[in-house]
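*Asks:* File data_27.tsv follows (TSV, C-alpha atoms and all ligand atoms):
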chain	number	residue	atom	x	y	z
A	266	MET	CA	14.80	-9.56	22.44
A	267	ARG	CA	12.74	-6.47	23.24
A	268	LEU	CA	8.99	-6.69	23.84
A	269	PRO	CA	6.53	-5.79	22.46
A	270	ILE	CA	7.35	-7.11	19.02
A	271	TYR	CA	6.15	-4.99	16.13
A	272	MET	CA	4.84	-7.09	13.26
A	273	ASP	CA	2.30	-4.69	11.74
A	274	ASN	CA	4.48	-3.13	9.06
A	275	HIS	CA	1.61	-2.75	6.56
A	276	ALA	CA	0.02	-0.21	8.89
A	277	THR	CA	3.21	1.78	9.23
A	278	THR	CA	6.95	1.30	9.64
A	279	PRO	CA	9.42	2.87	12.05
A	280	VAL	CA	11.63	5.55	10.56
A	281	ASP	CA	15.00	4.06	9.60
A	282	PRO	CA	17.70	5.84	11.65
A	283	ARG	CA	19.53	6.61	8.37
A	284	VAL	CA	16.39	8.37	7.11
A	285	LEU	CA	16.08	10.37	10.32
A	286	GLU	CA	19.70	11.40	10.10
A	287	ALA	CA	19.20	12.67	6.56
A	288	MET	CA	16.13	14.66	7.66
A	289	LEU	CA	17.47	16.33	10.79
A	290	PRO	CA	19.45	19.23	9.24
A	291	TYR	CA	16.30	20.33	7.40
A	292	PHE	CA	14.51	21.25	10.62
A	293	THR	CA	16.99	23.64	12.16
A	294	GLN	CA	19.82	24.41	9.72
A	295	THR	CA	18.55	24.18	6.16
A	296	PHE	CA	15.04	25.23	7.15
A	297	GLY	CA	14.27	27.58	4.25
A	298	ASN	CA	11.07	27.58	2.23
A	299	ALA	CA	11.84	25.71	-0.98
A	300	ALA	CA	9.89	28.38	-2.89
A	301	SER	CA	12.14	31.21	-1.57
A	302	ARG	CA	14.48	31.26	-4.55
A	303	THR	CA	16.05	34.65	-3.74
A	304	HIS	CA	18.30	33.53	-0.87
A	305	VAL	CA	20.54	30.66	0.04
A	306	PHE	CA	18.18	29.21	2.69
A	307	GLY	CA	15.47	28.70	0.11
A	308	GLN	CA	17.89	27.60	-2.59
A	309	GLU	CA	19.38	24.89	-0.40
A	310	ALA	CA	15.92	23.63	0.58
A	311	ALA	CA	14.92	23.60	-3.10
A	312	ALA	CA	18.07	21.67	-3.99
A	313	ALA	CA	17.22	19.07	-1.30
A	314	VAL	CA	13.70	18.72	-2.70
A	315	GLU	CA	15.06	18.20	-6.21
A	316	ARG	CA	17.50	15.59	-4.94
A	317	ALA	CA	14.61	13.73	-3.30
A	318	ARG	CA	12.58	13.95	-6.50
A	319	LYS	CA	15.42	12.19	-8.32
A	320	GLN	CA	15.72	9.48	-5.63
A	321	ILE	CA	11.99	8.71	-5.83
A	322	ALA	CA	11.92	8.81	-9.63
A	323	CYS	CA	14.90	6.46	-9.75
A	324	LEU	CA	13.10	3.82	-7.64
A	325	ILE	CA	10.14	3.67	-10.05
A	326	ASN	CA	11.98	4.38	-13.33
A	327	ALA	CA	10.38	7.79	-13.81
A	328	SER	CA	11.69	11.31	-14.47
A	329	PRO	CA	12.01	13.73	-11.55
A	330	GLN	CA	9.54	16.20	-13.09
A	331	GLU	CA	6.88	13.44	-12.98
A	332	ILE	CA	6.91	13.40	-9.15
A	333	VAL	CA	4.33	15.58	-7.33
A	334	PHE	CA	4.71	15.82	-3.55
A	335	THR	CA	1.64	15.30	-1.36
A	336	SER	CA	0.80	14.67	2.30
A	337	GLY	CA	0.65	10.89	1.77
A	338	ALA	CA	-1.08	8.26	-0.27
A	339	THR	CA	-4.61	9.14	0.81
A	340	GLU	CA	-4.09	12.50	-0.85
A	341	SER	CA	-2.26	10.96	-3.81
A	342	ASP	CA	-5.17	8.56	-4.45
A	343	ASN	CA	-7.69	11.40	-4.14
A	344	LEU	CA	-5.67	13.66	-6.45
A	345	ALA	CA	-5.21	10.94	-9.05
A	346	ILE	CA	-8.83	9.80	-9.19
A	347	LYS	CA	-10.86	12.93	-8.45
A	348	GLY	CA	-8.30	15.19	-10.12
A	349	LEU	CA	-8.39	13.22	-13.34
A	350	ALA	CA	-12.17	12.79	-13.43
A	351	ARG	CA	-12.95	16.39	-12.63
A	352	MET	CA	-10.42	17.75	-15.14
A	353	HIS	CA	-11.91	15.47	-17.76
A	354	ARG	CA	-15.33	16.94	-17.08
A	355	GLN	CA	-14.06	20.54	-16.87
A	356	GLU	CA	-12.45	20.18	-20.28
A	357	GLY	CA	-15.69	18.87	-21.71
A	358	LYS	CA	-14.14	15.57	-22.82
A	359	PRO	CA	-16.40	12.59	-23.38
A	360	GLY	CA	-16.46	9.74	-20.87
A	361	SER	CA	-17.41	9.47	-17.23
A	362	HIS	CA	-16.71	5.86	-16.26
A	363	ILE	CA	-14.09	4.49	-13.86
A	364	VAL	CA	-13.13	0.86	-13.21
A	365	THR	CA	-11.69	-0.36	-9.92
A	366	LEU	CA	-11.71	-3.36	-7.54
A	367	PRO	CA	-13.70	-3.92	-4.33
A	368	THR	CA	-10.42	-4.79	-2.55
A	369	GLU	CA	-8.84	-1.37	-3.04
A	370	HIS	CA	-7.85	0.85	-0.12
A	371	LYS	CA	-10.57	3.16	1.24
A	372	ALA	CA	-8.70	6.16	-0.18
A	373	VAL	CA	-9.52	4.79	-3.65
A	374	LEU	CA	-12.99	3.43	-2.88
A	375	ASP	CA	-14.18	6.56	-1.10
A	376	SER	CA	-12.79	8.79	-3.86
A	377	CYS	CA	-14.76	6.69	-6.35
A	378	SER	CA	-17.96	6.88	-4.33
A	379	ARG	CA	-17.57	10.66	-4.06
A	380	LEU	CA	-17.34	10.78	-7.85
A	381	GLU	CA	-20.45	8.59	-8.15
A	382	LYS	CA	-22.31	11.30	-6.21
A	383	GLU	CA	-20.99	13.80	-8.77
A	384	GLY	CA	-22.49	11.77	-11.61
A	385	PHE	CA	-19.59	9.55	-12.61
A	386	GLU	CA	-20.18	5.85	-13.04
A	387	VAL	CA	-17.93	3.30	-11.29
A	388	SER	CA	-17.60	-0.44	-11.97
A	389	TYR	CA	-16.19	-2.70	-9.27
A	390	VAL	CA	-14.67	-5.75	-10.94
A	391	PRO	CA	-14.75	-8.86	-8.72
A	392	VAL	CA	-11.67	-10.70	-7.52
A	393	GLY	CA	-11.30	-14.46	-7.20
A	394	ALA	CA	-10.92	-16.47	-3.98
A	395	ASP	CA	-7.18	-15.84	-4.28
A	396	GLY	CA	-7.72	-12.06	-4.32
A	397	LEU	CA	-6.56	-11.67	-7.91
A	398	VAL	CA	-8.58	-9.67	-10.40
A	399	ASP	CA	-10.50	-11.59	-13.00
A	400	PHE	CA	-8.69	-10.24	-16.08
A	401	GLY	CA	-11.52	-11.16	-18.47
A	402	GLU	CA	-14.06	-9.30	-16.33
A	403	LEU	CA	-11.71	-6.31	-16.12
A	404	GLU	CA	-11.42	-6.25	-19.87
A	405	SER	CA	-15.15	-6.47	-20.39
A	406	ALA	CA	-15.82	-3.74	-17.82
A	407	ILE	CA	-14.13	-1.23	-20.14
A	408	ASN	CA	-16.55	0.64	-22.38
A	409	GLU	CA	-16.40	3.68	-24.65
A	410	ARG	CA	-17.04	5.96	-21.65
A	411	THR	CA	-14.18	4.58	-19.52
A	412	ILE	CA	-11.57	7.18	-18.62
A	413	LEU	CA	-9.60	5.49	-15.83
A	414	ILE	CA	-8.76	2.12	-14.30
A	415	SER	CA	-7.48	2.14	-10.73
A	416	VAL	CA	-5.95	-1.11	-9.47
A	417	MET	CA	-3.52	-1.39	-6.57
A	418	ALA	CA	-0.17	-3.09	-7.06
A	419	ALA	CA	-0.20	-4.94	-3.71
A	420	ASN	CA	-3.05	-5.32	-1.27
A	421	ASN	CA	-2.51	-3.90	2.21
A	422	GLU	CA	-4.32	-6.75	3.99
A	423	ILE	CA	-3.51	-9.91	2.06
A	424	GLY	CA	-0.42	-8.74	0.19
A	425	VAL	CA	-1.75	-10.08	-3.13
A	426	LEU	CA	0.04	-8.72	-6.20
A	427	GLN	CA	-2.24	-7.72	-9.06
A	428	PRO	CA	-1.00	-8.16	-12.67
A	429	ILE	CA	-0.06	-4.50	-13.09
A	430	ARG	CA	1.99	-4.93	-16.24
A	431	GLU	CA	-0.86	-6.76	-18.02
A	432	ILE	CA	-3.43	-4.21	-16.86
A	433	GLY	CA	-1.11	-1.43	-18.06
A	434	GLU	CA	-0.91	-3.06	-21.46
A	435	LEU	CA	-4.68	-3.43	-21.62
A	436	CYS	CA	-5.20	0.23	-20.69
A	437	HIS	CA	-2.67	1.33	-23.28
A	438	GLU	CA	-4.40	-0.73	-26.01
A	439	ARG	CA	-7.84	0.57	-25.08
A	440	GLY	CA	-6.81	4.23	-24.63
A	441	VAL	CA	-7.75	4.31	-20.94
A	442	LEU	CA	-5.56	5.93	-18.27
A	443	PHE	CA	-4.24	3.73	-15.47
A	444	HIS	CA	-3.74	4.62	-11.81
A	445	SER	CA	-2.09	2.25	-9.34
A	446	ASP	CA	-1.95	2.66	-5.58
A	447	ALA	CA	1.50	1.13	-5.16
A	448	VAL	CA	1.96	2.11	-1.52
A	449	GLN	CA	2.54	-1.43	-0.29
A	450	ALA	CA	4.57	-2.56	-3.30
A	451	ILE	CA	7.05	0.29	-3.69
A	452	GLY	CA	10.38	-0.46	-2.11
A	453	LYS	CA	9.34	-4.09	-1.53
A	454	ILE	CA	9.16	-5.38	-5.09
A	455	PRO	CA	10.27	-3.73	-8.35
A	456	VAL	CA	7.79	-1.13	-9.64
A	457	ASP	CA	8.64	0.28	-13.06
A	458	ALA	CA	6.36	3.05	-14.26
A	459	GLN	CA	7.58	2.75	-17.88
A	460	ALA	CA	7.56	-1.01	-18.26
A	461	MET	CA	4.22	-1.32	-16.46
A	462	ASN	CA	2.53	1.39	-18.55
A	463	VAL	CA	1.13	3.16	-15.50
A	464	ASP	CA	0.04	6.80	-15.78
A	465	LEU	CA	-0.43	7.62	-12.09
A	466	ILE	CA	1.23	5.96	-9.08
A	467	SER	CA	0.51	6.69	-5.40
A	468	ILE	CA	3.43	6.53	-2.98
A	469	THR	CA	3.78	7.16	0.76
A	470	ALA	CA	6.89	7.45	2.95
A	471	HIS	CA	5.69	5.81	6.15
A	472	LYS	CA	5.39	2.32	4.65
A	473	ILE	CA	9.03	2.36	3.56
A	474	TYR	CA	10.74	3.46	6.79
A	475	GLY	CA	10.20	7.15	6.12
A	476	PRO	CA	8.14	9.70	8.07
A	477	LYS	CA	4.35	9.93	8.22
A	478	GLY	CA	2.49	12.74	6.47
A	479	VAL	CA	4.48	12.86	3.23
A	480	GLY	CA	3.98	11.07	-0.05
A	481	ALA	CA	3.99	11.56	-3.77
A	482	LEU	CA	1.99	11.03	-6.90
A	483	TYR	CA	3.77	10.00	-10.08
A	484	VAL	CA	2.05	11.76	-12.98
A	485	ARG	CA	3.29	10.51	-16.34
A	486	ASP	CA	4.60	13.18	-18.67
A	487	GLY	CA	3.98	12.83	-22.42
A	488	LYS	CA	1.16	11.79	-24.72
A	489	PRO	CA	-1.69	11.29	-24.08
A	490	GLU	CA	-1.47	14.08	-21.56
A	491	VAL	CA	-2.45	13.32	-17.95
A	492	ARG	CA	-4.14	16.45	-16.64
A	493	LEU	CA	-5.39	16.75	-13.07
A	494	ALA	CA	-7.67	19.30	-11.43
A	495	PRO	CA	-5.98	20.22	-8.14
A	496	LEU	CA	-7.68	19.40	-4.85
A	497	ILE	CA	-5.88	22.27	-3.11
A	498	ASP	CA	-5.51	25.74	-4.58
A	499	GLY	CA	-2.89	28.20	-3.41
A	500	GLY	CA	0.58	29.23	-4.51
A	501	GLY	CA	0.67	26.96	-7.55
A	502	HIS	CA	3.37	24.67	-6.18
A	503	GLU	CA	4.09	21.33	-7.84
A	504	LEU	CA	3.17	22.55	-11.34
A	505	GLY	CA	-0.15	23.80	-9.97
A	506	MET	CA	-1.26	20.28	-9.06
A	507	ARG	CA	-0.68	20.62	-5.31
A	508	SER	CA	-0.31	23.99	-3.68
A	509	GLY	CA	1.20	24.40	-0.22
A	510	THR	CA	4.67	24.98	1.22
A	511	LEU	CA	6.69	21.85	0.71
A	512	ASN	CA	7.43	19.67	3.75
A	513	VAL	CA	11.19	19.74	3.12
A	514	PRO	CA	12.36	17.44	5.97
A	515	GLY	CA	9.59	14.96	5.11
A	516	ILE	CA	10.46	15.05	1.43
A	517	VAL	CA	14.16	14.54	2.20
A	518	GLY	CA	13.10	11.55	4.33
A	519	LEU	CA	10.97	10.10	1.54
A	520	GLY	CA	13.87	10.50	-0.90
A	521	LYS	CA	16.35	8.83	1.44
A	522	ALA	CA	13.88	6.01	2.18
A	523	CYS	CA	13.57	5.38	-1.58
A	524	GLU	CA	17.34	5.42	-2.03
A	525	LEU	CA	17.75	2.79	0.71
A	526	CYS	CA	15.03	0.62	-0.83
A	527	MET	CA	16.74	0.87	-4.20
A	528	GLU	CA	20.00	-0.39	-2.67
A	529	GLU	CA	18.60	-3.01	-0.29
A	530	MET	CA	15.27	-4.21	-1.70
A	531	ALA	CA	16.50	-7.41	-3.33
A	532	GLU	CA	18.38	-8.64	-0.27
A	533	GLU	CA	15.68	-7.50	2.15
A	534	SER	CA	12.95	-9.29	0.18
A	535	ARG	CA	14.89	-12.55	0.23
A	536	ARG	CA	15.40	-12.25	4.00
A	537	LEU	CA	11.73	-11.43	4.63
A	538	ILE	CA	10.46	-14.29	2.46
A	539	THR	CA	12.53	-16.68	4.59
A	540	LEU	CA	11.19	-15.19	7.83
A	541	ARG	CA	7.60	-15.05	6.55
A	542	ASP	CA	7.72	-18.70	5.42
A	543	ARG	CA	9.23	-19.71	8.77
A	544	LEU	CA	6.33	-17.96	10.51
A	545	LYS	CA	3.76	-19.67	8.29
A	546	ASP	CA	5.31	-23.15	8.52
A	547	GLY	CA	5.92	-22.78	12.25
A	548	ILE	CA	2.26	-21.98	12.91
A	549	GLN	CA	0.77	-24.46	10.43
A	550	SER	CA	2.97	-27.34	11.59
A	551	ARG	CA	1.74	-26.96	15.15
A	552	LEU	CA	-1.90	-26.00	14.63
A	553	GLU	CA	-4.64	-27.47	12.49
A	554	GLY	CA	-7.36	-25.36	10.88
A	555	VAL	CA	-5.05	-22.51	9.86
A	556	ARG	CA	-5.61	-21.24	6.33
A	557	VAL	CA	-3.77	-18.68	4.24
A	558	ASN	CA	-5.94	-15.85	2.91
A	559	GLY	CA	-5.13	-14.79	-0.64
A	560	SER	CA	-2.72	-16.19	-3.17
A	561	MET	CA	0.51	-17.47	-1.62
A	562	GLU	CA	2.30	-17.43	-4.99
A	563	ARG	CA	1.52	-13.82	-5.93
A	564	ARG	CA	2.16	-12.12	-2.62
A	565	LEU	CA	4.40	-9.50	-1.06
A	566	PRO	CA	7.48	-11.01	0.60
A	567	GLN	CA	6.61	-9.66	4.04
A	568	ASN	CA	2.89	-10.42	4.17
A	569	LEU	CA	1.05	-13.28	5.81
A	570	ASN	CA	-2.69	-13.29	6.42
A	571	LEU	CA	-4.05	-16.33	8.22
A	572	SER	CA	-7.46	-17.43	9.42
A	573	PHE	CA	-7.72	-19.64	12.51
A	574	ASP	CA	-10.79	-21.88	12.54
A	575	GLY	CA	-12.89	-21.52	15.67
A	576	VAL	CA	-11.05	-18.43	16.90
A	577	GLU	CA	-12.32	-14.87	17.05
A	578	GLY	CA	-9.60	-12.66	15.50
A	579	GLU	CA	-10.18	-9.90	18.03
A	580	ALA	CA	-9.80	-12.37	20.92
A	581	LEU	CA	-6.56	-13.60	19.38
A	582	LEU	CA	-5.25	-10.05	19.03
A	583	THR	CA	-6.08	-9.35	22.67
A	584	GLY	CA	-4.58	-12.64	23.81
A	585	LEU	CA	-1.35	-11.95	21.94
A	586	ASP	CA	-0.06	-9.30	24.28
A	587	GLY	CA	3.56	-8.51	23.56
A	588	VAL	CA	2.98	-8.96	19.82
A	589	ALA	CA	1.63	-6.15	17.65
A	590	VAL	CA	-0.26	-7.60	14.68
A	591	SER	CA	-3.68	-6.64	13.36
A	592	SER	CA	-6.91	-7.95	11.99
A	593	GLY	CA	-6.61	-5.86	8.84
A	594	ALA	CA	-6.28	-2.26	7.73
A	595	ALA	CA	-5.49	0.20	10.51
A	596	CYS	CA	-8.18	2.58	9.27
A	597	ARG	CA	-10.90	0.08	10.12
A	598	SER	CA	-9.37	-1.74	13.08
A	599	LEU	CA	-11.68	0.18	15.40
A	600	ALA	CA	-14.76	-0.96	13.50
A	601	SER	CA	-16.24	-4.27	14.61
A	602	GLU	CA	-17.23	-5.50	11.14
A	603	SER	CA	-14.99	-7.99	9.37
A	604	SER	CA	-12.61	-7.02	6.59
A	605	TYR	CA	-14.32	-5.98	3.34
A	606	VAL	CA	-11.22	-7.23	1.53
A	607	LEU	CA	-11.61	-10.76	2.88
A	608	ARG	CA	-15.36	-10.71	2.21
A	609	ALA	CA	-14.66	-9.66	-1.40
A	610	LEU	CA	-12.73	-12.94	-1.75
A	611	GLY	CA	-16.02	-14.73	-1.05
A	612	MET	CA	-15.02	-15.68	2.49
A	613	SER	CA	-17.61	-16.45	5.15
A	614	GLU	CA	-18.12	-13.89	7.89
A	615	ASP	CA	-16.76	-16.42	10.42
A	616	ARG	CA	-13.56	-17.01	8.51
A	617	ALA	CA	-13.07	-13.31	7.86
A	618	GLN	CA	-13.57	-12.63	11.58
A	619	SER	CA	-10.94	-15.21	12.47
A	620	SER	CA	-8.17	-13.64	10.39
A	621	ILE	CA	-4.94	-11.98	11.40
A	622	ARG	CA	-2.51	-9.97	9.29
A	623	PHE	CA	1.22	-10.33	9.99
A	624	GLY	CA	3.38	-7.64	8.40
A	625	LEU	CA	7.08	-8.35	8.71
A	626	GLY	CA	9.60	-5.59	8.24
A	627	ARG	CA	13.20	-4.46	8.04
A	628	PHE	CA	13.74	-4.63	11.78
A	629	ASN	CA	12.25	-8.08	12.52
A	630	ASN	CA	14.56	-11.04	13.11
A	631	GLN	CA	14.32	-14.81	13.45
A	632	GLU	CA	14.18	-14.75	17.23
A	633	GLU	CA	11.11	-12.53	17.09
A	634	VAL	CA	9.47	-14.77	14.51
A	635	ASP	CA	10.01	-17.82	16.75
A	636	TYR	CA	8.56	-15.95	19.71
A	637	VAL	CA	5.49	-14.95	17.68
A	638	ILE	CA	4.99	-18.57	16.55
A	639	ASP	CA	5.01	-19.74	20.19
A	640	ARG	CA	2.63	-17.01	21.32
A	641	VAL	CA	0.18	-17.61	18.43
A	642	VAL	CA	0.14	-21.39	18.93
A	643	GLU	CA	-0.34	-21.05	22.68
A	644	THR	CA	-3.06	-18.40	22.39
A	645	VAL	CA	-5.02	-20.22	19.67
A	646	LYS	CA	-4.91	-23.49	21.63
A	647	GLY	CA	-6.10	-21.67	24.75
A	648	LEU	CA	-8.97	-19.97	22.94
A	649	ARG	CA	-10.05	-23.21	21.26
A	650	GLU	CA	-9.99	-25.05	24.56
A	651	PHE	CA	-12.01	-22.32	26.20
A	652	SER	CA	-14.69	-22.40	23.49
A	653	GLU	CA	-14.54	-26.23	23.31
A	654	PHE	CA	-13.95	-25.92	19.59
A	655	THR	CA	-13.34	-29.10	17.62
A	656	LEU	CA	-12.02	-29.04	14.10
A	657	PRO	CA	-14.48	-30.49	11.56
A	658	SER	CA	-11.89	-33.11	10.51
A	659	ALA	CA	-11.50	-34.26	14.13
A	660	GLU	CA	-15.27	-34.81	14.42
A	661	ALA	CA	-15.39	-37.19	11.46
B	1	LIG	N1	-3.19	2.95	0.11
B	1	LIG	C1	-2.78	1.83	0.71
B	1	LIG	C2	-2.75	0.55	-0.06
B	1	LIG	C3	-2.38	1.84	2.05
B	1	LIG	O1	-1.99	0.72	2.63
B	1	LIG	C4	-2.42	3.08	2.74
B	1	LIG	C5	-2.02	3.12	4.15
B	1	LIG	O2	-2.78	2.94	5.05
B	1	LIG	C6	-2.86	4.22	2.07
B	1	LIG	C7	-3.25	4.11	0.75
B	1	LIG	C8	-2.95	5.55	2.75
B	1	LIG	O3	-1.67	6.12	2.89
B	1	LIG	P1	-1.39	7.34	3.85
B	1	LIG	O4	-1.39	6.80	5.23
B	1	LIG	O5	-0.05	7.86	3.43
B	1	LIG	O6	-2.45	8.35	3.62
Please rewrite the model in this file as structure tokens.
Ligand code: PLP
*Replies:*
Amino acid sequence: MRLPIYMDNHATTPVDPRVLEAMLPYFTQTFGNAASRTHVFGQEAAAAVERARKQIACLINASPQEIVFTSGATESDNLAIKGLARMHRQEGKPGSHIVTLPTEHKAVLDSCSRLEKEGFEVSYVPVGADGLVDFGELESAINERTILISVMAANNEIGVLQPIREIGELCHERGVLFHSDAVQAIGKIPVDAQAMNVDLISITAHKIYGPKGVGALYVRDGKPEVRLAPLIDGGGHELGMRSGTLNVPGIVGLGKACELCMEEMAEESRRLITLRDRLKDGIQSRLEGVRVNGSMERRLPQNLNLSFDGVEGEALLTGLDGVAVSSGAACRSLASESSYVLRALGMSEDRAQSSIRFGLGRFNNQEEVDYVIDRVVETVKGLREFSEFTLPSAEA
């Protein structure tokens, strides 16, 4: 077993060697600009891009022409939300209201708050203690001015799976467009753009064993039309929605990563559920005062988020040298405040501060899980002893 052990696969994943192999020729051999249609270098690059478009579309049951390449999901979320809202306004259409959740990724929340500054109105529908959206509240948040609902498929901290199909149905009935940040769900659980009635889906390569800095936005084709104002103007690439020379090796990598997920997702999920449950049971059987954050039933196979009573999460992370896990989203792991996702579940500051996210992945094995269990149990016991913490039940 090699140390350190990487168990932070929600933050990012290593590139699968098969993905790297597929990408390599596109750096030095087939290096053409995919927009250079007049010679073979460009034509071959363009053919590789179109192949990748098909591989991505296939994973989410979409058509290749519905895939727009971006630099990652932060851009995809921005393009979906700001692009839709601003186009709506530019075209003089009625409506200026967006509905989302307080547990969304910052790429969604910050896009929404930017739009609030531009005069749009945003409703943040609460989630329950299990992290799931209150469907009744979501329904009643929709009004005659609502143009878009943005709800993520799977949460990046607690792995909770929102009822995307039901929300899609609701949006369809009420004539509201639906965006889903499906970054953490794609390639892990089935995501079907048609069956789920989603109009816009954000995707990124680096959460599915592809490279960083490349992603895609699914933009549904058909009626009612989904029209986006571009964030970046330039050569009119990607049907004018996203200008800029295409990152051909990255796109090839994203395509290959999707193809592998398509082939291996079912088996991989079963394996990761077994490992994740072993991790959970191993820790909970040897330590008291360990609670699961978020619904255990509606959760990604590879996610576990635990709070440890009487333990400071940051101290646990530091104590766990040799094991890479995190206290939440990578984009706020430098900030000292507790997770806004956990606080949105109604959790106390103390409990939120005592939480750790485990993100299992393709390259973890049982030996690593057993090592992590030992290290967590040992470190938590040590920290509790040091702070002379007694569990409330032990006091009684
Ligand atoms: N949305 C979610 C749910 C994420 O987990 C992430 C990754 O951190 C992003 C968006 C941002 O993706 P990217 O790193 O490709 O910009």
*Asks:* Under the rule that all atoms listed in the file are counted, which of A:Leu610, A:Leu552, A:Ala531, A:Ala447 is the nearest residue to ligand LIG 1 (chain B)?
*Replies:*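 The answer is A:Ala447, which sits nearest to ligand LIG 1 (chain B).
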*Asks:* Take atom CA of Ala458 of chain A and atom CA of Leu607 of chain A and report the distance between them in Å, one decimal.
*Replies:*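 Between atom CA of Ala458 of chain A and atom CA of Leu607 of chain A the gap works out to 28.4 Å.
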*Asks:* Show which residues sit within 12 Å of Glu409 of chain A, as a list in words. Count all atoms listed in the file, and ignore same-chain residues fewer than 4 positions away.
*Replies:*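 In the requested format, the answer is Pro359, Gly360, Ser361, His362, Ile363, Ser405, Leu413, Arg439, Gly440 and Val441 of chain A.
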*Asks:* Quick one: write out the picked residues with C-alpha atoms as a PDB file, in the coordinates of the input?
*Replies:*
ATOM      1  CA  PRO A 359     -16.400  12.590 -23.380  1.00  0.00           C
ATOM      2  CA  GLY A 360     -16.460   9.740 -20.870  1.00  0.00           C
ATOM      3  CA  SER A 361     -17.410   9.470 -17.230  1.00  0.00           C
ATOM      4  CA  HIS A 362     -16.710   5.860 -16.260  1.00  0.00           C
ATOM      5  CA  ILE A 363     -14.090   4.490 -13.860  1.00  0.00           C
ATOM      6  CA  SER A 405     -15.150  -6.470 -20.390  1.00  0.00           C
ATOM      7  CA  LEU A 413      -9.600   5.490 -15.830  1.00  0.00           C
ATOM      8  CA  ARG A 439      -7.840   0.570 -25.080  1.00  0.00           C
ATOM      9  CA  GLY A 440      -6.810   4.230 -24.630  1.00  0.00           C
ATOM     10  CA  VAL A 441      -7.750   4.310 -20.940  1.00  0.00           C
TER      11      VAL A 441
END
*Asks:* Restricting the calculation to only C-alpha atoms, which member of A:Ser603, A:Asn629, A:Ser613, A:Gln308 is positioned closest to Ile270 of chain A?
*Replies:*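 Of the candidates, the smallest distance to Ile270 of chain A is held by A:Asn629.
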*Asks:* As an exercise, work out the distance from atom CA of Leu397 of chain A to atom CA of Leu374 of chain A in Å and give it to one decimal place.
*Replies:*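 Computing it gives 17.2 Å between the two atoms.
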*Asks:* Can you work out which one of A:His370, A:Arg316, A:Lys347, A:Arg283 has the shortest atom-to-atom distance to Arg492 of chain A, counting all atoms listed in the file?
*Replies:*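 Closest to Arg492 of chain A of all the choices is A:Lys347.
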*Asks:* Is it possible to add N, CA and C atoms to segment 361-373 of chain A and hand it back as a PDB file, keeping the file's coordinate frame?
*Replies:*
ATOM      1  N   SER A 361     -17.168   9.182 -18.647  1.00  0.00           N
ATOM      2  CA  SER A 361     -17.410   9.470 -17.230  1.00  0.00           C
ATOM      3  C   SER A 361     -17.432   8.175 -16.429  1.00  0.00           C
ATOM      4  N   HIS A 362     -16.656   7.189 -16.889  1.00  0.00           N
ATOM      5  CA  HIS A 362     -16.710   5.860 -16.260  1.00  0.00           C
ATOM      6  C   HIS A 362     -15.338   5.462 -15.727  1.00  0.00           C
ATOM      7  N   ILE A 363     -15.336   4.913 -14.512  1.00  0.00           N
ATOM      8  CA  ILE A 363     -14.090   4.490 -13.860  1.00  0.00           C
ATOM      9  C   ILE A 363     -14.228   3.014 -13.479  1.00  0.00           C
ATOM     10  N   VAL A 364     -13.117   2.280 -13.577  1.00  0.00           N
ATOM     11  CA  VAL A 364     -13.130   0.860 -13.210  1.00  0.00           C
ATOM     12  C   VAL A 364     -12.152   0.649 -12.061  1.00  0.00           C
ATOM     13  N   THR A 365     -12.589  -0.065 -11.029  1.00  0.00           N
ATOM     14  CA  THR A 365     -11.690  -0.360  -9.920  1.00  0.00           C
ATOM     15  C   THR A 365     -12.068  -1.723  -9.315  1.00  0.00           C
ATOM     16  N   LEU A 366     -11.436  -2.071  -8.187  1.00  0.00           N
ATOM     17  CA  LEU A 366     -11.710  -3.360  -7.540  1.00  0.00           C
ATOM     18  C   LEU A 366     -12.320  -3.137  -6.157  1.00  0.00           C
ATOM     19  N   PRO A 367     -13.112  -4.085  -5.677  1.00  0.00           N
ATOM     20  CA  PRO A 367     -13.700  -3.920  -4.330  1.00  0.00           C
ATOM     21  C   PRO A 367     -12.671  -4.096  -3.217  1.00  0.00           C
ATOM     22  N   THR A 368     -11.456  -4.548  -3.563  1.00  0.00           N
ATOM     23  CA  THR A 368     -10.420  -4.790  -2.550  1.00  0.00           C
ATOM     24  C   THR A 368      -9.433  -3.626  -2.439  1.00  0.00           C
ATOM     25  N   GLU A 369      -9.732  -2.527  -3.108  1.00  0.00           N
ATOM     26  CA  GLU A 369      -8.840  -1.370  -3.040  1.00  0.00           C
ATOM     27  C   GLU A 369      -8.866  -0.742  -1.650  1.00  0.00           C
ATOM     28  N   HIS A 370      -7.888   0.097  -1.383  1.00  0.00           N
ATOM     29  CA  HIS A 370      -7.850   0.850  -0.120  1.00  0.00           C
ATOM     30  C   HIS A 370      -9.016   1.851  -0.102  1.00  0.00           C
ATOM     31  N   LYS A 371      -9.451   2.204   1.108  1.00  0.00           N
ATOM     32  CA  LYS A 371     -10.570   3.160   1.240  1.00  0.00           C
ATOM     33  C   LYS A 371     -10.288   4.499   0.546  1.00  0.00           C
ATOM     34  N   ALA A 372      -9.025   4.878   0.464  1.00  0.00           N
ATOM     35  CA  ALA A 372      -8.700   6.160  -0.180  1.00  0.00           C
ATOM     36  C   ALA A 372      -9.114   6.132  -1.658  1.00  0.00           C
ATOM     37  N   VAL A 373      -9.072   4.957  -2.260  1.00  0.00           N
ATOM     38  CA  VAL A 373      -9.520   4.790  -3.650  1.00  0.00           C
ATOM     39  C   VAL A 373     -11.034   4.625  -3.683  1.00  0.00           C
TER      40      VAL A 373
END
